[in-house]
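Asks: My questions will all concern the structure given below.
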Amino acid sequence: MTYSVLRPSREAPERDTGPASRPSRLPSLTGLRFPAALLVFVNHAGLTVPQVRLLADDKLAVALNRATQNTGALGVTFFFVLSGFVLAWSARPSDTTRAFWRRRFAKIYPNYVITWALAMVLFASAYTPTRVALANLFMVHVWVPDLQYLLSVNLASWSLGCELVFYASFPLLNRLFLRIDPARLKYWIGGVTAAIVLTPLFTYQVLPNTPAIPVNGSEGGASVKQLWFAYNFPPVRLLDFALGMLVAHAVLNGRWRNIGLAWSSLLLAGGYWLGQHSDVLYAQRSTSIVPIVLLIAAAATADAEGRFTPFRNRTMVWLGEISFAFYLLHSVVLIHGRKLLGHDLYSTPVAFGLLTLLLAVTVLTSWALYALVERPFTRRWSTSRRARAAAA
């Protein structure tokens, strides 16, 4: 489960090139971030493991787990593609690699360290070896095909290890993609999409499938190494990020056929349904990638053309603003909330009432983290003192 840390409505720099009608701010993509982050919350809230389970009804708990078992993967893929799309959309020739990396660091790491410390203090230190905790702190735990590392400290943290690779790669990738003849972008997009869709097939054929591990509480038909390679491994997930970049270049160059938000959303629902009836690696990597791309491009096109979307209103944009903090905090709130409640399980109305309360607590604490840490650090440290002096 992952999350992009971009803020297209406020943070994206003005483009130096491209059609004048293309806005640098994409508020609909900001608004879409919270529903995507909420999908990850729903995925973790639906787990049947003792660390988060609240429902006493076994049959309902299993049904909820089954219904939500791929929502986290959907949110992850959405944010990886979104990262590439927004960065490519907002990139400007005058920007430097060092300045870009500085902005990304100021944006993500303060929140990351604070939520890492919260998780360690509240519950994770009791069972996390020092070497694992340090690997998590420095975002390198995602490189180890071991659940003790991948699921360590904060459940959401592995995806930030992927984002670190994306940000390190972006300056070079963007220079390469800018050299592609716009007329040939469709072939690049098709090739990268095919690579993503076929990743599970390659993984199942090449890597050992035993011992199979439980995925969201049931036998998932994949081994730790298979799941790690297809779902967590940064170079493989770089394909999602690169696809977002390529689609952004296609939209900016007028080389994209937009099908609109309604059809994209309908296809996304169909992709999720297909994933529910597919092997786990196909569900997590293949079935929704095309609808995700179509939805992101449709939302960006609507903003560029000044058309209405349900994601551009003040409430949705605000929720999108705090969604990175929400993503990092949600599993901390879920696990610590379950710890405070003890070992009791609850009736259906009470359990869902408690989950609603935990959701509200996550939103409020995310707002605080955004207002007190993320926004001040981003404003203060995104630009060097020398650059601020030159601008003045």
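We name chains A, B, ... following the order of the structure tokens; residues begin at 1 in each chain, and ligands are numbered from 1 as shown.
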Within 10 Å of Met120 of chain A, counting only C-alpha atoms, which residues show up once you throw out same-chain ones fewer than 6 positions away? Write them as a list in words, please.

Replies: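 The contact residues come out as Ile114, Ala126, Tyr127, Thr128, Ala133, Ser152, Val153, Asn154 and Val332 of chain A.
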
Asks: What would the file look like if the residues just selected were written as a PDB file, in the first residue's frame with N, CA, C and O atoms?

Replies:
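Ended up saving to out.pdb:
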```pdb
ATOM      1  N   ILE A 114       8.490  11.453  11.837  1.00  0.00           N
ATOM      2  CA  ILE A 114       7.568  11.610  12.963  1.00  0.00           C
ATOM      3  C   ILE A 114       6.649  10.401  13.086  1.00  0.00           C
ATOM      4  O   ILE A 114       6.429   9.873  14.198  1.00  0.00           O
ATOM      5  N   ALA A 126       8.268  -2.955  20.601  1.00  0.00           N
ATOM      6  CA  ALA A 126       8.153  -4.175  21.396  1.00  0.00           C
ATOM      7  C   ALA A 126       8.547  -5.422  20.611  1.00  0.00           C
ATOM      8  O   ALA A 126       8.908  -6.443  21.207  1.00  0.00           O
ATOM      9  N   TYR A 127       8.482  -5.360  19.275  1.00  0.00           N
ATOM     10  CA  TYR A 127       8.767  -6.558  18.485  1.00  0.00           C
ATOM     11  C   TYR A 127       9.654  -6.293  17.266  1.00  0.00           C
ATOM     12  O   TYR A 127       9.859  -7.177  16.441  1.00  0.00           O
ATOM     13  N   THR A 128      10.193  -5.099  17.126  1.00  0.00           N
ATOM     14  CA  THR A 128      10.994  -4.767  15.954  1.00  0.00           C
ATOM     15  C   THR A 128      12.480  -4.757  16.314  1.00  0.00           C
ATOM     16  O   THR A 128      12.912  -3.939  17.137  1.00  0.00           O
ATOM     17  N   ALA A 133      14.338  -1.723  12.399  1.00  0.00           N
ATOM     18  CA  ALA A 133      13.847  -0.367  12.651  1.00  0.00           C
ATOM     19  C   ALA A 133      14.699   0.668  11.925  1.00  0.00           C
ATOM     20  O   ALA A 133      14.175   1.640  11.352  1.00  0.00           O
ATOM     21  N   SER A 152       7.388  -3.775   8.464  1.00  0.00           N
ATOM     22  CA  SER A 152       7.934  -3.300   9.734  1.00  0.00           C
ATOM     23  C   SER A 152       7.462  -1.899  10.087  1.00  0.00           C
ATOM     24  O   SER A 152       7.143  -1.087   9.217  1.00  0.00           O
ATOM     25  N   VAL A 153       7.412  -1.633  11.386  1.00  0.00           N
ATOM     26  CA  VAL A 153       7.146  -0.334  12.012  1.00  0.00           C
ATOM     27  C   VAL A 153       5.793   0.228  11.585  1.00  0.00           C
ATOM     28  O   VAL A 153       4.825   0.187  12.332  1.00  0.00           O
ATOM     29  N   ASN A 154       5.724   0.810  10.385  1.00  0.00           N
ATOM     30  CA  ASN A 154       4.499   1.421   9.884  1.00  0.00           C
ATOM     31  C   ASN A 154       4.128   0.715   8.581  1.00  0.00           C
ATOM     32  O   ASN A 154       4.922   0.681   7.640  1.00  0.00           O
ATOM     33  N   VAL A 332      -1.024   3.604  12.059  1.00  0.00           N
ATOM     34  CA  VAL A 332      -0.634   3.891  13.445  1.00  0.00           C
ATOM     35  C   VAL A 332      -1.888   4.049  14.303  1.00  0.00           C
ATOM     36  O   VAL A 332      -1.980   3.497  15.409  1.00  0.00           O
TER      37      VAL A 332
END
```

Asks: Pick out each residue of segment 150-354 of chain A that DSSP on the backbone tags as strand (DSSP E or B); I need them as a list in words.

Replies: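 Across segment 150-354 of chain A, those assigned strand (DSSP E or B) are Ala212, Ile213, Pro214, Val215, Ser218, Glu219, Gly220, Gly221, Ala222, Ser223 and Tyr346 of chain A.
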
Asks: From the set A:Ala304, A:Leu207, A:Ser288, A:Leu281, which residue has the shortest atom-to-atom contact distance to Gly254 of chain A, counting only C-alpha atoms?

Replies: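 For Gly254 of chain A, the nearest of the given residues is A:Ala304.
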
Asks: For a test of reading the model, state the distance in Å between atom CA of Leu32 of chain A and atom CA of Asn70 of chain A, rounded to one decimal.

Replies: 18.0 Å

Asks: Which of these, A:Ala183, A:Leu87, A:Leu246, A:Val52, has the shortest distance to Arg104 of chain A once you count only C-alpha atoms?

Replies: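 Using only C-alpha atoms, Arg104 of chain A sits closest to A:Leu87.
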
Asks: Do you know which residues are at most 12 Å from Ala36 of chain A counting only C-alpha atoms, after dropping those on the same chain fewer than 6 positions away, and could you put them as a JSON list (two decimals) with C-alpha atoms, in the first residue's frame?

Replies:
```json
[["chain", "number", "residue", "atom", "x", "y", "z"],
["A", 1, "MET", "CA", 0.00, 0.00, 0.00],
["A", 2, "THR", "CA", 1.55, 3.18, -0.97],
["A", 3, "TYR", "CA", 1.08, 6.79, -1.41],
["A", 4, "SER", "CA", 2.29, 9.63, -3.60],
["A", 29, "LEU", "CA", -5.86, 15.24, -8.92],
["A", 30, "THR", "CA", -5.41, 16.67, -5.44],
["A", 42, "VAL", "CA", -10.26, 0.43, 4.17],
["A", 43, "ASN", "CA", -7.87, -2.35, 3.17],
["A", 71, "THR", "CA", -8.32, -1.84, -2.28],
["A", 72, "GLY", "CA", -4.88, -1.10, -0.85],
["A", 73, "ALA", "CA", -3.15, -2.32, -4.00],
["A", 74, "LEU", "CA", -5.47, -0.15, -6.06],
["A", 75, "GLY", "CA", -4.54, 2.90, -3.97],
["A", 76, "VAL", "CA", -0.84, 2.08, -4.25],
["A", 77, "THR", "CA", -0.89, 1.83, -8.01],
["A", 78, "PHE", "CA", -2.94, 4.99, -8.31],
["A", 79, "PHE", "CA", -0.43, 6.99, -6.32],
["A", 80, "PHE", "CA", 2.61, 5.59, -8.09],
["A", 81, "VAL", "CA", 1.13, 6.52, -11.48],
["A", 82, "LEU", "CA", -0.02, 9.87, -10.10],
["A", 292, "ILE", "CA", -6.14, 4.18, -13.36],
["A", 295, "LEU", "CA", -8.88, 8.31, -14.78],
["A", 296, "ILE", "CA", -5.80, 10.40, -13.97],
["A", 311, "PHE", "CA", -12.96, 16.38, -6.99],
["A", 316, "MET", "CA", -11.98, 17.48, -1.56],
["A", 319, "LEU", "CA", -8.71, 16.34, 2.15],
["A", 320, "GLY", "CA", -6.21, 15.84, -0.65],
["A", 323, "SER", "CA", -3.81, 12.88, 2.51],
["A", 324, "PHE", "CA", -0.05, 12.24, 2.68],
["A", 326, "PHE", "CA", -3.36, 10.56, 6.48],
["A", 327, "TYR", "CA", -1.58, 7.81, 4.59]]
```

Asks: Residues of segment 4-118 of chain A that have any atom at most 10 Å from an atom of segment 352-364 of chain A: could you tabulate them with the shortest-distance atom pair and the distance in Å to one decimal, using only C-alpha atoms, ordered by chain and increasing number, as a tab-separated table?

Replies:
```
residue	atom	partner	partner_atom	distance
A:Leu38	CA	A:Leu359	CA	9.1
A:Phe41	CA	A:Leu359	CA	8.2
A:Val42	CA	A:Leu355	CA	9.5
A:Ala45	CA	A:Leu355	CA	7.5
A:Gly46	CA	A:Leu355	CA	9.9
A:Val52	CA	A:Leu355	CA	9.9
A:Arg53	CA	A:Leu355	CA	9.9
A:Leu54	CA	A:Leu354	CA	8.2
A:Leu55	CA	A:Phe352	CA	8.1
```

Asks: With all heavy atoms retained, export the selected residues as a compact mmCIF listing (two decimals), in the first residue's frame.

Replies:
```
# COMPACT_ATOMS: atom_id res chain seq x y z
N LEU A 38 -8.01 6.67 1.18
CA LEU A 38 -9.06 6.01 1.94
C LEU A 38 -9.17 4.53 1.58
O LEU A 38 -9.48 3.70 2.44
CB LEU A 38 -10.40 6.71 1.69
CG LEU A 38 -11.59 6.27 2.54
CD1 LEU A 38 -11.32 6.49 4.02
CD2 LEU A 38 -12.85 7.01 2.12
N PHE A 41 -6.77 2.80 3.76
CA PHE A 41 -7.34 2.70 5.11
C PHE A 41 -8.34 1.55 5.18
O PHE A 41 -8.32 0.73 6.11
CB PHE A 41 -8.02 4.02 5.48
CG PHE A 41 -8.70 4.02 6.82
CD1 PHE A 41 -8.04 4.50 7.94
CD2 PHE A 41 -10.00 3.55 6.96
CE1 PHE A 41 -8.67 4.50 9.19
CE2 PHE A 41 -10.63 3.54 8.19
CZ PHE A 41 -9.96 4.02 9.31
N VAL A 42 -9.23 1.47 4.20
CA VAL A 42 -10.26 0.43 4.17
C VAL A 42 -9.62 -0.95 4.09
O VAL A 42 -10.07 -1.90 4.76
CB VAL A 42 -11.22 0.68 2.99
CG1 VAL A 42 -12.10 -0.53 2.74
CG2 VAL A 42 -12.07 1.91 3.24
N ALA A 45 -8.19 -1.67 7.54
CA ALA A 45 -9.26 -1.83 8.52
C ALA A 45 -10.00 -3.15 8.33
O ALA A 45 -10.58 -3.68 9.28
CB ALA A 45 -10.24 -0.66 8.40
N GLY A 46 -9.98 -3.69 7.12
CA GLY A 46 -10.67 -4.94 6.84
C GLY A 46 -9.86 -6.19 7.11
O GLY A 46 -10.37 -7.30 6.93
N VAL A 52 -5.74 -5.41 14.27
CA VAL A 52 -6.71 -4.40 13.83
C VAL A 52 -8.15 -4.88 13.87
O VAL A 52 -9.07 -4.05 13.85
CB VAL A 52 -6.39 -3.91 12.39
CG1 VAL A 52 -5.06 -3.19 12.33
CG2 VAL A 52 -6.44 -5.06 11.39
N ARG A 53 -8.40 -6.16 13.96
CA ARG A 53 -9.78 -6.67 13.85
C ARG A 53 -10.64 -6.19 15.01
O ARG A 53 -10.24 -6.24 16.17
CB ARG A 53 -9.77 -8.19 13.80
CG ARG A 53 -11.18 -8.77 13.72
CD ARG A 53 -11.19 -10.27 13.64
NE ARG A 53 -12.55 -10.80 13.78
CZ ARG A 53 -12.86 -12.08 13.70
NH1 ARG A 53 -11.93 -13.00 13.45
NH2 ARG A 53 -14.12 -12.47 13.86
N LEU A 54 -11.86 -5.76 14.68
CA LEU A 54 -12.84 -5.33 15.69
C LEU A 54 -14.12 -6.15 15.64
O LEU A 54 -14.83 -6.27 16.65
CB LEU A 54 -13.19 -3.85 15.48
CG LEU A 54 -12.06 -2.84 15.73
CD1 LEU A 54 -12.49 -1.45 15.29
CD2 LEU A 54 -11.65 -2.82 17.19
N LEU A 55 -14.46 -6.71 14.48
CA LEU A 55 -15.71 -7.43 14.30
C LEU A 55 -15.72 -8.78 15.00
O LEU A 55 -14.80 -9.59 14.83
CB LEU A 55 -15.98 -7.65 12.81
CG LEU A 55 -16.65 -6.51 12.04
CD1 LEU A 55 -16.53 -6.77 10.55
CD2 LEU A 55 -18.11 -6.38 12.45
```

Asks: Which of segment 286-387 of chain A end up as helix (DSSP H, G or I) when DSSP is run on this backbone - answer as JSON, numbers by chain?

Replies: {"A": [289, 290, 291, 292, 293, 294, 295, 296, 297, 298, 299, 300, 301, 302, 303, 304, 314, 315, 316, 317, 318, 319, 320, 321, 323, 324, 325, 326, 327, 328, 329, 330, 331, 332, 333, 334, 335, 336, 337, 338, 339, 340, 341, 348, 349, 350, 351, 352, 353, 354, 355, 356, 357, 358, 359, 360, 361, 362, 363, 364, 365, 366, 367, 368, 369, 370, 371, 372, 373, 374, 375, 376, 377, 378, 379, 380, 381, 385, 386, 387]}

Asks: To one decimal in Å, tell me the separation between atom CA of Trp256 of chain A and atom CA of Glu321 of chain A.

Replies: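 Atom CA of Trp256 of chain A sits 27.6 Å away from atom CA of Glu321 of chain A.
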
Asks: Return the single residue from A:Tyr167, A:Trp89, A:Trp367, A:Phe177 that is closest to Ile322 of chain A, with distances computed using only C-alpha atoms.

Replies: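 Distance minimum relative to Ile322 of chain A lands on A:Trp367.
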
Asks: What is the distance, in Å and to one decimal place, between atom CA of Pro182 of chain A and atom CA of Leu239 of chain A?

Replies: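 If I compute the distance from atom CA of Pro182 of chain A to atom CA of Leu239 of chain A, I get 19.3 Å.
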
Asks: Using only C-alpha atoms, determine which residues lie at most 8 Å from Leu329 of chain A, disregarding the query and same-chain residues fewer than 5 positions distant; provide the list as number ranges by chain.

Replies: A: 115, 362, 365-366

Asks: Could you write out that same residue set with C-alpha atoms as an mmCIF file, in the first residue's frame?

Replies:
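Just written: part-v6.cif:
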```cif
data_model
loop_
_atom_site.group_PDB
_atom_site.id
_atom_site.type_symbol
_atom_site.label_atom_id
_atom_site.label_comp_id
_atom_site.auth_asym_id
_atom_site.auth_seq_id
_atom_site.Cartn_x
_atom_site.Cartn_y
_atom_site.Cartn_z
ATOM 1 C CA THR A 115 5.211 8.755 12.071
ATOM 2 C CA THR A 362 -6.917 9.831 11.590
ATOM 3 C CA THR A 365 -4.348 14.033 13.461
ATOM 4 C CA SER A 366 -3.452 14.203 9.769
#
```

Asks: For Thr48 of chain A, which of A:Leu345, A:Val132, A:Lys186, A:Tyr112 is the closest residue, counting only C-alpha atoms?

Replies: A:Leu345

Asks: Let me make sure I understand: among A:Leu185, A:Leu268, A:Val121, A:Ala230, which one has the smallest atom-to-atom distance to Ala250 of chain A if we use only C-alpha atoms?

Replies: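 Selected residue with least distance to Ala250 of chain A: A:Leu185.
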
Asks: Find the residues near Pro50 of chain A: any atom within 10 Å, counting only C-alpha atoms, skip ones fewer than 5 places away on the same chain, and give them as a PDB file with all heavy atoms, in the first residue's frame.

Replies:
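part_0.pdb, freshly written:
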```pdb
ATOM      1  N   ILE A 335      -3.777   0.500  14.587  1.00  0.00           N
ATOM      2  CA  ILE A 335      -3.120  -0.487  15.451  1.00  0.00           C
ATOM      3  C   ILE A 335      -3.118  -0.018  16.900  1.00  0.00           C
ATOM      4  O   ILE A 335      -3.407  -0.793  17.827  1.00  0.00           O
ATOM      5  CB  ILE A 335      -1.696  -0.759  14.949  1.00  0.00           C
ATOM      6  CG1 ILE A 335      -1.746  -1.442  13.572  1.00  0.00           C
ATOM      7  CG2 ILE A 335      -0.925  -1.623  15.933  1.00  0.00           C
ATOM      8  CD1 ILE A 335      -0.401  -1.587  12.895  1.00  0.00           C
ATOM      9  N   ARG A 338      -6.666  -0.214  18.319  1.00  0.00           N
ATOM     10  CA  ARG A 338      -6.989  -1.589  18.689  1.00  0.00           C
ATOM     11  C   ARG A 338      -6.299  -1.971  20.003  1.00  0.00           C
ATOM     12  O   ARG A 338      -6.886  -2.646  20.862  1.00  0.00           O
ATOM     13  CB  ARG A 338      -6.550  -2.511  17.564  1.00  0.00           C
ATOM     14  CG  ARG A 338      -6.597  -4.003  17.826  1.00  0.00           C
ATOM     15  CD  ARG A 338      -7.999  -4.550  17.876  1.00  0.00           C
ATOM     16  NE  ARG A 338      -8.589  -4.492  19.205  1.00  0.00           N
ATOM     17  CZ  ARG A 338      -9.743  -5.047  19.525  1.00  0.00           C
ATOM     18  NH1 ARG A 338     -10.453  -5.712  18.626  1.00  0.00           N
ATOM     19  NH2 ARG A 338     -10.216  -4.949  20.743  1.00  0.00           N
ATOM     20  N   LYS A 339      -5.077  -1.529  20.195  1.00  0.00           N
ATOM     21  CA  LYS A 339      -4.336  -1.814  21.427  1.00  0.00           C
ATOM     22  C   LYS A 339      -5.027  -1.184  22.636  1.00  0.00           C
ATOM     23  O   LYS A 339      -5.150  -1.816  23.696  1.00  0.00           O
ATOM     24  CB  LYS A 339      -2.899  -1.293  21.286  1.00  0.00           C
ATOM     25  CG  LYS A 339      -2.024  -1.541  22.498  1.00  0.00           C
ATOM     26  CD  LYS A 339      -0.627  -0.988  22.270  1.00  0.00           C
ATOM     27  CE  LYS A 339       0.234  -1.159  23.521  1.00  0.00           C
ATOM     28  NZ  LYS A 339       1.588  -0.572  23.323  1.00  0.00           N
ATOM     29  N   HIS A 343      -8.614  -6.643  24.014  1.00  0.00           N
ATOM     30  CA  HIS A 343      -8.764  -7.817  23.155  1.00  0.00           C
ATOM     31  C   HIS A 343     -10.211  -8.119  22.786  1.00  0.00           C
ATOM     32  O   HIS A 343     -10.479  -9.099  22.089  1.00  0.00           O
ATOM     33  CB  HIS A 343      -8.164  -9.046  23.851  1.00  0.00           C
ATOM     34  CG  HIS A 343      -6.710  -8.892  24.175  1.00  0.00           C
ATOM     35  ND1 HIS A 343      -5.736  -8.838  23.209  1.00  0.00           N
ATOM     36  CD2 HIS A 343      -6.073  -8.749  25.370  1.00  0.00           C
ATOM     37  CE1 HIS A 343      -4.540  -8.685  23.788  1.00  0.00           C
ATOM     38  NE2 HIS A 343      -4.725  -8.626  25.092  1.00  0.00           N
ATOM     39  N   LEU A 345     -13.823  -8.219  21.014  1.00  0.00           N
ATOM     40  CA  LEU A 345     -14.411  -8.023  19.701  1.00  0.00           C
ATOM     41  C   LEU A 345     -15.836  -7.504  19.887  1.00  0.00           C
ATOM     42  O   LEU A 345     -16.450  -7.711  20.927  1.00  0.00           O
ATOM     43  CB  LEU A 345     -14.412  -9.332  18.909  1.00  0.00           C
ATOM     44  CG  LEU A 345     -13.024  -9.892  18.575  1.00  0.00           C
ATOM     45  CD1 LEU A 345     -13.148 -11.247  17.890  1.00  0.00           C
ATOM     46  CD2 LEU A 345     -12.230  -8.929  17.713  1.00  0.00           C
TER      47      LEU A 345
END
```

Asks: List the spatial neighbours of Leu238 of chain A as a PyMOL selection string - criterion: any atom at most 9 Å away, only C-alpha atoms, same-chain residues fewer than 2 positions off excluded.

Replies: chain A and resi 80+162-163+165-166+169+233-236+240-243

Asks: Write to file, as a short mmCIF file (atom, residue, chain, number, x, y, z; two decimals), in the first residue's frame, the residues of the selection just made, with C-alpha atoms.

Replies:
```cif
data_model
loop_
_atom_site.label_atom_id
_atom_site.label_comp_id
_atom_site.auth_asym_id
_atom_site.auth_seq_id
_atom_site.Cartn_x
_atom_site.Cartn_y
_atom_site.Cartn_z
CA PHE A 80 2.61 5.59 -8.09
CA CYS A 162 9.76 3.01 -3.73
CA GLU A 163 9.06 6.74 -3.95
CA VAL A 165 13.79 5.45 -6.04
CA PHE A 166 11.25 7.27 -8.20
CA SER A 169 15.30 8.50 -11.14
CA PHE A 233 10.38 -4.26 -5.48
CA PRO A 234 11.26 -0.63 -6.38
CA PRO A 235 12.67 -1.23 -9.90
CA VAL A 236 9.52 -3.13 -10.86
CA ASP A 240 4.08 2.49 -12.76
CA PHE A 241 5.84 5.79 -12.15
CA ALA A 242 7.30 5.87 -15.66
CA LEU A 243 3.89 5.13 -17.15
#
```

Asks: Which is closest to Leu39 of chain A among A:Leu147, A:Ala299, A:Ala124, A:Ala67, if we use only C-alpha atoms?

Replies: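 Using only C-alpha atoms, the shortest distance to Leu39 of chain A belongs to A:Ala67.
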
Asks: Residues near Ala56 of chain A, anyone? I mean within 9 Å using only C-alpha atoms, not counting same-chain ones fewer than 5 positions away, as a PyMOL selection string.

Replies: chain A and resi 61+344-348+351

Asks: Create the file for the chosen residues now, containing C-alpha atoms and written as an mmCIF file, in the first residue's frame.

Replies:
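What follows is the written file again21.cif:
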```
data_model
loop_
_atom_site.group_PDB
_atom_site.id
_atom_site.type_symbol
_atom_site.label_atom_id
_atom_site.label_comp_id
_atom_site.auth_asym_id
_atom_site.auth_seq_id
_atom_site.Cartn_x
_atom_site.Cartn_y
_atom_site.Cartn_z
ATOM 1 C CA ALA A 61 -15.172 -10.303 9.128
ATOM 2 C CA ASP A 344 -12.559 -7.586 22.985
ATOM 3 C CA LEU A 345 -14.411 -8.023 19.701
ATOM 4 C CA TYR A 346 -17.601 -6.092 19.039
ATOM 5 C CA SER A 347 -21.020 -6.370 17.471
ATOM 6 C CA THR A 348 -21.382 -5.114 13.922
ATOM 7 C CA ALA A 351 -17.383 -2.244 15.363
#
```
